[in-house]
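J.: If you scroll down you'll find the structure; I have some questions about it.
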Amino acid sequence: MGMSVALERDARQVKVSDEHALLRDAQGGNRLAFEELVRRYDREVLRLATNLVRRPEDARDIYQESFLRVYRNLHRFRFECSFYTWLYRIVTNVALDHLRRRSSRREDQAPVPDDHDGGATRDFFDQQPETRAASNPERKLLGDELGRHIQSALERLSPRERMVFEMKHYQGLKLRAIGDMLGTSEETVKNSLFRATRKLRASLDEMR
Amino acid sequence: MEWESNSESRRMQGAEPCAEFSERMYLLVSDEVDVEARAAIDIHARRCAACTAFLDEFQNLKDAMSASRIEPNADLLANCRTSLSDALDEEEARKGRSLWARWLDWDMPLRWVAMHPAAATIVLLCVGFSIGAVPRMWRGRAPVSPSPSETSSSNVPTEAAMPVSTAALSDQILGGADVTGISSVDSNDGGSPQVEVQLKSQRPLLVQGDLANDNVKRVLMYVLQNNQRFDPDVRMESVDLLRARSSDNDVCQELCKIARTDRNPAVRLKALEALSTTKDPRESVRQTLMDALVDDTNPGIRIEAINSLREMAANGQVSADPHIVEILRERAQKDPSTYIRLQSAAMIQDLAPQEKY
């Protein structure tokens, strides 16, 4: 048991020092090192972006803008926090900007159905396993209804509340880490999270 | 859905935890309490209907939200990576472009003026003032006259001129002087441009002459040989002017050195551009270009190097040397820039069509 903990700790240290070496190479202009860093984190970034904005084309914009900003500002990274925290600080800023812009344009808020792109932009309930719909049309109807309610409930959250809820419950981050990434205090994050939870519960209660 | 069938939750829907445990309950469902606090909350929740209902309802909320999660598919991820790679290529190419090329973007000044009318007015006033005032200031300075003919043809008043011969413009004078500005003006007869170098020493000096003038060359070479002392714009202007004399052995060697060692990428790029215009490039020029292609961290400079090498190959100035082919193969496989990889592969085909890469 003790040995496996020690091995895990060693593996973590190797990973960190390996990442520092990659970062230094990338800061020196090594594009391959930068692309390796991107590959380490880009799935999580894309998952976060997709679930925040729910449209693949918007998620792709956030992905690209975030990593371009990382690339342009990598020389400013001083190893004072983890690269993960620094990266997420940038990603959350870009995503929040995007959400704020979108909430000021009402027409953009509803998901745009498109049957010609292989389902990439369909509403999420269209992407659920076929068994759910095929085996029980009534259940499919309920599922569609719930999907719309969740979408509408999410739209009622402010961009920051939405971000905090996503990062807490689906990215599994601690409140303090979220505060670091959003540049605010743990207390503020906690209040945003509680507000988001209450709003979501209230919104979803309406459908029952 | 699960929460629809949970009759207990339906009965207690909208339930808030009891006031005493409210915050702790929210922290519990957010996984922000330690083991001991969790145990205490569990004990309480078993006895408290409101808190139990709250926990059930929150779990149902999470389940419903989880069902609505979207997992980005592999195609989207691949698409994002490709777009990012293209954007990075553009970013690197943009960084690598010379300052002049950026300034020469035809619509940039117009866009800037349109966006900043007040600032544009101030800038135009400053430019107008400078045009009126600077020549008067220069006329008060003493030129270093390299030859009697040039002194007599210059507009500098004779009473302000300091008669310094070529030999007198020594390293000692240059060592104590600072180059404050270099300007060149195209001659009216279409010949070599007239260069003016302003030196700040105990007494301001002005070196004038065309590019064939040895004093002009000497000052420009001095800037490159002591490049750490001078600003990048002075170094860049010196490299640009010495381009006309890049066939001179000493100039060529100095440009090679600058292309390898100057700390400013724009200056290194300018030196490579100057070397690539050499009519009959020496081996040292080819080697400098190869070294830039392999070692320079700036992709814009590597792009300039591969472009120049391809041009030289097209003119028959680069042979299918195995060492060169080996370097190109390595670049074709490993360079981060798609453009360089493609150009390296194309150059291998130009030099040695039978080679595989």
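In the structure tokens, chains take letters A, B, ... by order of appearance, with residues numbered from 1 within each chain and ligands from 1 in the order shown.
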Output the contact residues of chain A with respect to chain B at a cut-off of 9 Å, based on only C-alpha atoms, as a PyMOL selection string.
T.: chain A and resi 28-32+35+38-39+42-43+46-47+50-51+54+56-57+60-61+63-65+67-68+71-72+120+124-125+127-128+139+142-143+146-147+150-151+168-170+172+174-175+190+193-194+197+200-202+204-205+208
J.: With a distance cut-off of 8 Å and only C-alpha atoms, select the neighbouring residues of range 152-157 of chain A, excluding the residue or stretch itself and same-chain residues fewer than 4 positions from it, and output the selection as a PDB file with all heavy atoms, in the first residue's frame.
T.:
```
ATOM      1  N   GLN A 109     -29.657  32.174 -28.540  1.00  0.00           N
ATOM      2  CA  GLN A 109     -29.702  31.325 -27.369  1.00  0.00           C
ATOM      3  C   GLN A 109     -30.236  29.923 -27.618  1.00  0.00           C
ATOM      4  O   GLN A 109     -29.854  28.997 -26.935  1.00  0.00           O
ATOM      5  CB  GLN A 109     -30.520  32.003 -26.278  1.00  0.00           C
ATOM      6  CG  GLN A 109     -29.786  33.221 -25.749  1.00  0.00           C
ATOM      7  CD  GLN A 109     -30.500  33.859 -24.604  1.00  0.00           C
ATOM      8  OE1 GLN A 109     -31.471  33.319 -24.107  1.00  0.00           O
ATOM      9  NE2 GLN A 109     -30.041  35.000 -24.193  1.00  0.00           N
ATOM     10  N   ARG A 148     -35.430  19.991 -23.104  1.00  0.00           N
ATOM     11  CA  ARG A 148     -35.738  21.406 -23.356  1.00  0.00           C
ATOM     12  C   ARG A 148     -35.747  22.193 -22.049  1.00  0.00           C
ATOM     13  O   ARG A 148     -35.294  23.324 -21.989  1.00  0.00           O
ATOM     14  CB  ARG A 148     -37.097  21.529 -24.072  1.00  0.00           C
ATOM     15  CG  ARG A 148     -36.978  21.387 -25.586  1.00  0.00           C
ATOM     16  CD  ARG A 148     -38.271  21.783 -26.279  1.00  0.00           C
ATOM     17  NE  ARG A 148     -39.353  20.852 -26.000  1.00  0.00           N
ATOM     18  CZ  ARG A 148     -39.534  19.698 -26.647  1.00  0.00           C
ATOM     19  NH1 ARG A 148     -38.710  19.350 -27.610  1.00  0.00           N
ATOM     20  NH2 ARG A 148     -40.533  18.904 -26.335  1.00  0.00           N
ATOM     21  N   GLU A 161     -22.465  31.819 -13.115  1.00  0.00           N
ATOM     22  CA  GLU A 161     -23.098  30.717 -12.380  1.00  0.00           C
ATOM     23  C   GLU A 161     -23.002  29.415 -13.172  1.00  0.00           C
ATOM     24  O   GLU A 161     -22.721  28.347 -12.634  1.00  0.00           O
ATOM     25  CB  GLU A 161     -24.573  31.044 -12.110  1.00  0.00           C
ATOM     26  CG  GLU A 161     -24.766  32.140 -11.075  1.00  0.00           C
ATOM     27  CD  GLU A 161     -26.164  32.744 -11.082  1.00  0.00           C
ATOM     28  OE1 GLU A 161     -26.988  32.386 -11.965  1.00  0.00           O
ATOM     29  OE2 GLU A 161     -26.426  33.600 -10.224  1.00  0.00           O
ATOM     30  N   ARG A 162     -23.190  29.564 -14.473  1.00  0.00           N
ATOM     31  CA  ARG A 162     -23.134  28.379 -15.332  1.00  0.00           C
ATOM     32  C   ARG A 162     -21.728  27.781 -15.327  1.00  0.00           C
ATOM     33  O   ARG A 162     -21.536  26.577 -15.267  1.00  0.00           O
ATOM     34  CB  ARG A 162     -23.503  28.826 -16.753  1.00  0.00           C
ATOM     35  CG  ARG A 162     -23.955  27.713 -17.608  1.00  0.00           C
ATOM     36  CD  ARG A 162     -24.673  28.302 -18.795  1.00  0.00           C
ATOM     37  NE  ARG A 162     -24.848  27.286 -19.796  1.00  0.00           N
ATOM     38  CZ  ARG A 162     -25.507  27.481 -20.909  1.00  0.00           C
ATOM     39  NH1 ARG A 162     -26.056  28.642 -21.136  1.00  0.00           N
ATOM     40  NH2 ARG A 162     -25.620  26.523 -21.780  1.00  0.00           N
ATOM     41  N   ALA A 196     -26.721  29.050  -8.332  1.00  0.00           N
ATOM     42  CA  ALA A 196     -26.961  28.252  -9.541  1.00  0.00           C
ATOM     43  C   ALA A 196     -27.779  27.018  -9.200  1.00  0.00           C
ATOM     44  O   ALA A 196     -28.737  26.675  -9.913  1.00  0.00           O
ATOM     45  CB  ALA A 196     -25.632  27.849 -10.167  1.00  0.00           C
ATOM     46  N   LYS A 199     -31.394  27.981  -8.523  1.00  0.00           N
ATOM     47  CA  LYS A 199     -32.100  28.350  -9.766  1.00  0.00           C
ATOM     48  C   LYS A 199     -32.443  27.108 -10.578  1.00  0.00           C
ATOM     49  O   LYS A 199     -33.543  27.003 -11.134  1.00  0.00           O
ATOM     50  CB  LYS A 199     -31.217  29.275 -10.610  1.00  0.00           C
ATOM     51  CG  LYS A 199     -31.221  30.720 -10.182  1.00  0.00           C
ATOM     52  CD  LYS A 199     -30.469  31.528 -11.232  1.00  0.00           C
ATOM     53  CE  LYS A 199     -30.227  32.960 -10.809  1.00  0.00           C
ATOM     54  NZ  LYS A 199     -29.430  33.701 -11.788  1.00  0.00           N
ATOM     55  N   LEU A 200     -31.490  26.192 -10.670  1.00  0.00           N
ATOM     56  CA  LEU A 200     -31.736  24.983 -11.472  1.00  0.00           C
ATOM     57  C   LEU A 200     -32.856  24.157 -10.856  1.00  0.00           C
ATOM     58  O   LEU A 200     -33.727  23.654 -11.567  1.00  0.00           O
ATOM     59  CB  LEU A 200     -30.457  24.134 -11.560  1.00  0.00           C
ATOM     60  CG  LEU A 200     -29.390  24.642 -12.533  1.00  0.00           C
ATOM     61  CD1 LEU A 200     -28.120  23.821 -12.405  1.00  0.00           C
ATOM     62  CD2 LEU A 200     -29.899  24.576 -13.966  1.00  0.00           C
ATOM     63  N   SER A 203     -36.122  25.907 -11.564  1.00  0.00           N
ATOM     64  CA  SER A 203     -36.519  25.791 -12.968  1.00  0.00           C
ATOM     65  C   SER A 203     -37.058  24.393 -13.262  1.00  0.00           C
ATOM     66  O   SER A 203     -38.065  24.242 -13.953  1.00  0.00           O
ATOM     67  CB  SER A 203     -35.333  26.049 -13.888  1.00  0.00           C
ATOM     68  OG  SER A 203     -34.862  27.331 -13.707  1.00  0.00           O
ATOM     69  N   LEU A 204     -36.378  23.387 -12.747  1.00  0.00           N
ATOM     70  CA  LEU A 204     -36.783  22.021 -13.072  1.00  0.00           C
ATOM     71  C   LEU A 204     -38.032  21.601 -12.293  1.00  0.00           C
ATOM     72  O   LEU A 204     -38.766  20.733 -12.746  1.00  0.00           O
ATOM     73  CB  LEU A 204     -35.616  21.056 -12.826  1.00  0.00           C
ATOM     74  CG  LEU A 204     -34.432  21.315 -13.762  1.00  0.00           C
ATOM     75  CD1 LEU A 204     -33.250  20.438 -13.425  1.00  0.00           C
ATOM     76  CD2 LEU A 204     -34.831  21.108 -15.212  1.00  0.00           C
TER      77      LEU A 204
END
```
J.: For a test of reading the model, state the distance in Å between CA of Asp231 in chain B and CA of Ala266 in chain B, rounded to one decimal.
T.: 12.0 Å
J.: Considering only C-alpha atoms, return as a list in words whatever protein or nucleic-acid residues lie within 8 Å of Phe230 in chain B, sequence-local ones (same chain, fewer than 5 positions apart) excluded.
T.: Asp178, Val179, Val223 and Arg235 of chain B
J.: When you draw a straight line from CA of Ser82 in chain A to CA of Gln27 in chain A, how long is it in Å?
T.: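 It comes out at 15.2 Å.
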J.: Could you find all residues in range 178-350 of chain B that DSSP calls helix (DSSP H, G or I) from the backbone, and write them as a PyMOL selection string?
T.: chain B and resi 214-225+227-229+232-245+249-261+265-276+283-295+299-314+322-334+338-350
J.: Do you know which residues are at most 6 Å from range 341-354 of chain B counting only C-alpha atoms, after dropping those on the same chain fewer than 4 positions away, and could you put them as a list of chain:residue names?
T.: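 These residues fall inside the cut-off: B:Ala320, B:Leu328, B:Arg331, B:Ala332, B:Asp335.
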J.: Have a look at B:Val251, B:Ile43, B:Met236, B:Ala244 and name the one nearest to Asp210 in chain B; count only C-alpha atoms.
T.: B:Ala244
